[in-house]
Amino acid sequence: MNEILISILLLFSMGIMYYLLYANGYLVINSKRAVKYIGSMRGRKASFTSCTGYIKRVIKFKEDGSVQFYLDLDVSRGEVIMELFDETKECILKLDNTKQSANILVEASKRYYLVFRFRAASGSYLLSWK
């Protein structure tokens, strides 16, 4: 009985820890298949071959205001889409091959969800914002 209670408590505390790491932008949720995928620690750049799937992370901004996003895509095959969602999971920004930069208003007190979607893509990307 004691072992079961300790196991449940341990699983519960691990779940809370994972949620806090994800909610503060330190943990990434991804589901992808790729022959090769080499990404940076903060998810701002990557190179990949035959990649299909998605990567999700939380980002927060230090201050309110206008932010200019740039997505430098070099895709030889497939499709890469970067989406930014607000707290209500509404898409407020979408960048791809046809639209590689945009300006949006952000608030420092809110969480934003950054999602990259890959469809049989080969190439690289570099995401930056000011």
# chains A, B, ... in the order shown; residues from 1 in each chain; ligands from 1

$ residues_around --residues "range 95-99 of chain A" --least-positions-apart "6" --cutoff "10 Å" --atoms "only C-alpha atoms" --output "list in words"
Phe69, Tyr70, Leu71, Asp72, Leu73, Asp74, Val75, Glu79, Val80, Ile81, Met82, Glu83, Leu84, Phe116 and Arg117 of chain A

$ write_last_selection --atoms "N, CA and C atoms" --output "PDB file, in the first residue's frame"
ATOM      1  N   PHE A  69       8.446  39.499 -36.666  1.00  0.00           N
ATOM      2  CA  PHE A  69       8.919  38.121 -36.830  1.00  0.00           C
ATOM      3  C   PHE A  69       9.483  37.941 -38.233  1.00  0.00           C
ATOM      4  N   TYR A  70      10.622  37.238 -38.324  1.00  0.00           N
ATOM      5  CA  TYR A  70      11.238  36.891 -39.603  1.00  0.00           C
ATOM      6  C   TYR A  70      11.459  35.385 -39.634  1.00  0.00           C
ATOM      7  N   LEU A  71      11.024  34.755 -40.694  1.00  0.00           N
ATOM      8  CA  LEU A  71      11.256  33.320 -40.880  1.00  0.00           C
ATOM      9  C   LEU A  71      12.050  33.146 -42.163  1.00  0.00           C
ATOM     10  N   ASP A  72      13.326  32.832 -42.013  1.00  0.00           N
ATOM     11  CA  ASP A  72      14.193  32.596 -43.155  1.00  0.00           C
ATOM     12  C   ASP A  72      14.127  31.111 -43.482  1.00  0.00           C
ATOM     13  N   LEU A  73      13.394  30.778 -44.539  1.00  0.00           N
ATOM     14  CA  LEU A  73      13.187  29.383 -44.944  1.00  0.00           C
ATOM     15  C   LEU A  73      14.041  29.045 -46.157  1.00  0.00           C
ATOM     16  N   ASP A  74      14.676  27.919 -46.108  1.00  0.00           N
ATOM     17  CA  ASP A  74      15.392  27.369 -47.250  1.00  0.00           C
ATOM     18  C   ASP A  74      14.926  25.924 -47.384  1.00  0.00           C
ATOM     19  N   VAL A  75      13.789  25.737 -48.057  1.00  0.00           N
ATOM     20  CA  VAL A  75      13.166  24.423 -48.175  1.00  0.00           C
ATOM     21  C   VAL A  75      13.263  23.955 -49.621  1.00  0.00           C
ATOM     22  N   GLU A  79       6.898  21.275 -47.177  1.00  0.00           N
ATOM     23  CA  GLU A  79       6.318  22.524 -46.682  1.00  0.00           C
ATOM     24  C   GLU A  79       6.611  22.683 -45.192  1.00  0.00           C
ATOM     25  N   VAL A  80       6.929  23.916 -44.794  1.00  0.00           N
ATOM     26  CA  VAL A  80       7.137  24.273 -43.390  1.00  0.00           C
ATOM     27  C   VAL A  80       6.257  25.476 -43.092  1.00  0.00           C
ATOM     28  N   ILE A  81       5.485  25.383 -42.016  1.00  0.00           N
ATOM     29  CA  ILE A  81       4.604  26.475 -41.591  1.00  0.00           C
ATOM     30  C   ILE A  81       4.895  26.787 -40.134  1.00  0.00           C
ATOM     31  N   MET A  82       5.064  28.067 -39.825  1.00  0.00           N
ATOM     32  CA  MET A  82       5.223  28.512 -38.451  1.00  0.00           C
ATOM     33  C   MET A  82       3.953  29.272 -38.059  1.00  0.00           C
ATOM     34  N   GLU A  83       3.353  28.870 -36.937  1.00  0.00           N
ATOM     35  CA  GLU A  83       2.140  29.530 -36.459  1.00  0.00           C
ATOM     36  C   GLU A  83       2.359  29.998 -35.025  1.00  0.00           C
ATOM     37  N   LEU A  84       1.761  31.130 -34.703  1.00  0.00           N
ATOM     38  CA  LEU A  84       1.803  31.645 -33.339  1.00  0.00           C
ATOM     39  C   LEU A  84       0.367  31.793 -32.864  1.00  0.00           C
ATOM     40  N   PHE A 116       5.616  24.792 -35.150  1.00  0.00           N
ATOM     41  CA  PHE A 116       6.160  24.537 -36.479  1.00  0.00           C
ATOM     42  C   PHE A 116       5.524  23.261 -36.989  1.00  0.00           C
ATOM     43  N   ARG A 117       5.024  23.296 -38.228  1.00  0.00           N
ATOM     44  CA  ARG A 117       4.437  22.120 -38.873  1.00  0.00           C
ATOM     45  C   ARG A 117       5.271  21.778 -40.116  1.00  0.00           C
TER      46      ARG A 117
END

$ residues_around --residues "Tyr113 in chain A" --least-positions-apart "6" --cutoff "7 Å" --atoms "only C-alpha atoms" --output "list in words"
Lys56, Arg57, Val58, Ile59, Leu84, Phe85 and Asp86 of chain A

$ write_last_selection --atoms "C-alpha atoms" --output "mmCIF file, in the first residue's frame"
data_model
loop_
_atom_site.group_PDB
_atom_site.id
_atom_site.type_symbol
_atom_site.label_atom_id
_atom_site.label_comp_id
_atom_site.auth_asym_id
_atom_site.auth_seq_id
_atom_site.Cartn_x
_atom_site.Cartn_y
_atom_site.Cartn_z
ATOM 1 C CA LYS A 56 5.164 23.106 -30.003
ATOM 2 C CA ARG A 57 6.641 25.432 -27.405
ATOM 3 C CA VAL A 58 5.504 28.279 -25.181
ATOM 4 C CA ILE A 59 7.124 31.684 -25.562
ATOM 5 C CA LEU A 84 1.803 31.645 -33.339
ATOM 6 C CA PHE A 85 -1.268 31.204 -31.150
ATOM 7 C CA ASP A 86 -2.490 33.351 -28.279
#

$ select_by_dssp --residues "range 62-100 of chain A" --states "strand (DSSP E)" --output "count of residues only"
26

$ closest_residue --among "A:Ser101, A:Ser109, A:Ser124, A:Thr49" --to "Asn24 in chain A" --atoms "only C-alpha atoms"
A:Ser109

$ select_by_dssp --residues "chain A" --states "alpha helix (DSSP H)" --output "mmCIF file with N, CA and C atoms, in the first residue's frame"
data_model
loop_
_atom_site.group_PDB
_atom_site.id
_atom_site.type_symbol
_atom_site.label_atom_id
_atom_site.label_comp_id
_atom_site.auth_asym_id
_atom_site.auth_seq_id
_atom_site.Cartn_x
_atom_site.Cartn_y
_atom_site.Cartn_z
ATOM 1 N N ASN A 2 1.942 1.248 0.794
ATOM 2 C CA ASN A 2 2.835 2.392 0.866
ATOM 3 C C ASN A 2 3.527 2.652 -0.473
ATOM 4 N N GLU A 3 3.951 1.570 -1.169
ATOM 5 C CA GLU A 3 4.621 1.715 -2.455
ATOM 6 C C GLU A 3 3.687 2.315 -3.501
ATOM 7 N N ILE A 4 2.432 1.923 -3.476
ATOM 8 C CA ILE A 4 1.451 2.446 -4.435
ATOM 9 C C ILE A 4 1.228 3.933 -4.199
ATOM 10 N N LEU A 5 1.083 4.326 -2.949
ATOM 11 C CA LEU A 5 0.884 5.732 -2.613
ATOM 12 C C LEU A 5 2.094 6.570 -3.015
ATOM 13 N N ILE A 6 3.289 6.062 -2.767
ATOM 14 C CA ILE A 6 4.506 6.779 -3.159
ATOM 15 C C ILE A 6 4.601 6.882 -4.673
ATOM 16 N N SER A 7 4.248 5.818 -5.385
ATOM 17 C CA SER A 7 4.273 5.837 -6.855
ATOM 18 C C SER A 7 3.290 6.862 -7.404
ATOM 19 N N ILE A 8 2.091 6.921 -6.864
ATOM 20 C CA ILE A 8 1.081 7.883 -7.321
ATOM 21 C C ILE A 8 1.548 9.308 -7.035
ATOM 22 N N LEU A 9 2.090 9.533 -5.871
ATOM 23 C CA LEU A 9 2.597 10.855 -5.504
ATOM 24 C C LEU A 9 3.750 11.272 -6.408
ATOM 25 N N LEU A 10 4.635 10.348 -6.727
ATOM 26 C CA LEU A 10 5.752 10.630 -7.615
ATOM 27 C C LEU A 10 5.264 10.974 -9.026
ATOM 28 N N LEU A 11 4.329 10.201 -9.553
ATOM 29 C CA LEU A 11 3.772 10.492 -10.882
ATOM 30 C C LEU A 11 3.059 11.838 -10.913
ATOM 31 N N PHE A 12 2.315 12.143 -9.879
ATOM 32 C CA PHE A 12 1.601 13.414 -9.784
ATOM 33 C C PHE A 12 2.589 14.586 -9.753
ATOM 34 N N SER A 13 3.640 14.469 -8.956
ATOM 35 C CA SER A 13 4.622 15.550 -8.864
ATOM 36 C C SER A 13 5.410 15.706 -10.173
ATOM 37 N N MET A 14 5.689 14.594 -10.865
ATOM 38 C CA MET A 14 6.350 14.679 -12.167
ATOM 39 C C MET A 14 5.458 15.368 -13.187
ATOM 40 N N GLY A 15 4.164 15.081 -13.164
ATOM 41 C CA GLY A 15 3.224 15.743 -14.068
ATOM 42 C C GLY A 15 3.179 17.238 -13.836
ATOM 43 N N ILE A 16 3.163 17.639 -12.581
ATOM 44 C CA ILE A 16 3.170 19.075 -12.261
ATOM 45 C C ILE A 16 4.474 19.715 -12.730
ATOM 46 N N MET A 17 5.591 19.033 -12.510
ATOM 47 C CA MET A 17 6.880 19.566 -12.935
ATOM 48 C C MET A 17 6.939 19.731 -14.457
ATOM 49 N N TYR A 18 6.476 18.728 -15.212
ATOM 50 C CA TYR A 18 6.461 18.827 -16.671
ATOM 51 C C TYR A 18 5.562 19.952 -17.136
ATOM 52 N N TYR A 19 4.401 20.107 -16.515
ATOM 53 C CA TYR A 19 3.511 21.198 -16.893
ATOM 54 C C TYR A 19 4.165 22.557 -16.641
ATOM 55 N N LEU A 20 4.799 22.734 -15.503
ATOM 56 C CA LEU A 20 5.450 24.012 -15.191
ATOM 57 C C LEU A 20 6.599 24.299 -16.156
ATOM 58 N N LEU A 21 7.367 23.287 -16.505
ATOM 59 C CA LEU A 21 8.436 23.479 -17.483
ATOM 60 C C LEU A 21 7.879 23.868 -18.845
ATOM 61 N N TYR A 22 6.810 23.211 -19.303
ATOM 62 C CA TYR A 22 6.196 23.537 -20.590
ATOM 63 C C TYR A 22 5.579 24.932 -20.564
ATOM 64 N N ALA A 23 4.841 25.250 -19.510
ATOM 65 C CA ALA A 23 4.147 26.537 -19.417
ATOM 66 C C ALA A 23 5.108 27.712 -19.368
#

$ closest_residue --among "A:Met1, A:Leu127, A:Ala102, A:Ala120" --to "Lys32 in chain A" --atoms "only C-alpha atoms"
A:Ala120

$ closest_residue --among "A:Ser128, A:Ile29, A:Phe61, A:Ala46" --to "Gln100 in chain A" --atoms "only C-alpha atoms"
A:Ser128

$ atom_distance --atom1 "CA of Lys130 in chain A" --atom2 "CA of Gly53 in chain A"
27.2 Å

$ atom_distance --atom1 "CA of Lys89 in chain A" --atom2 "CA of Leu27 in chain A"
18.2 Å
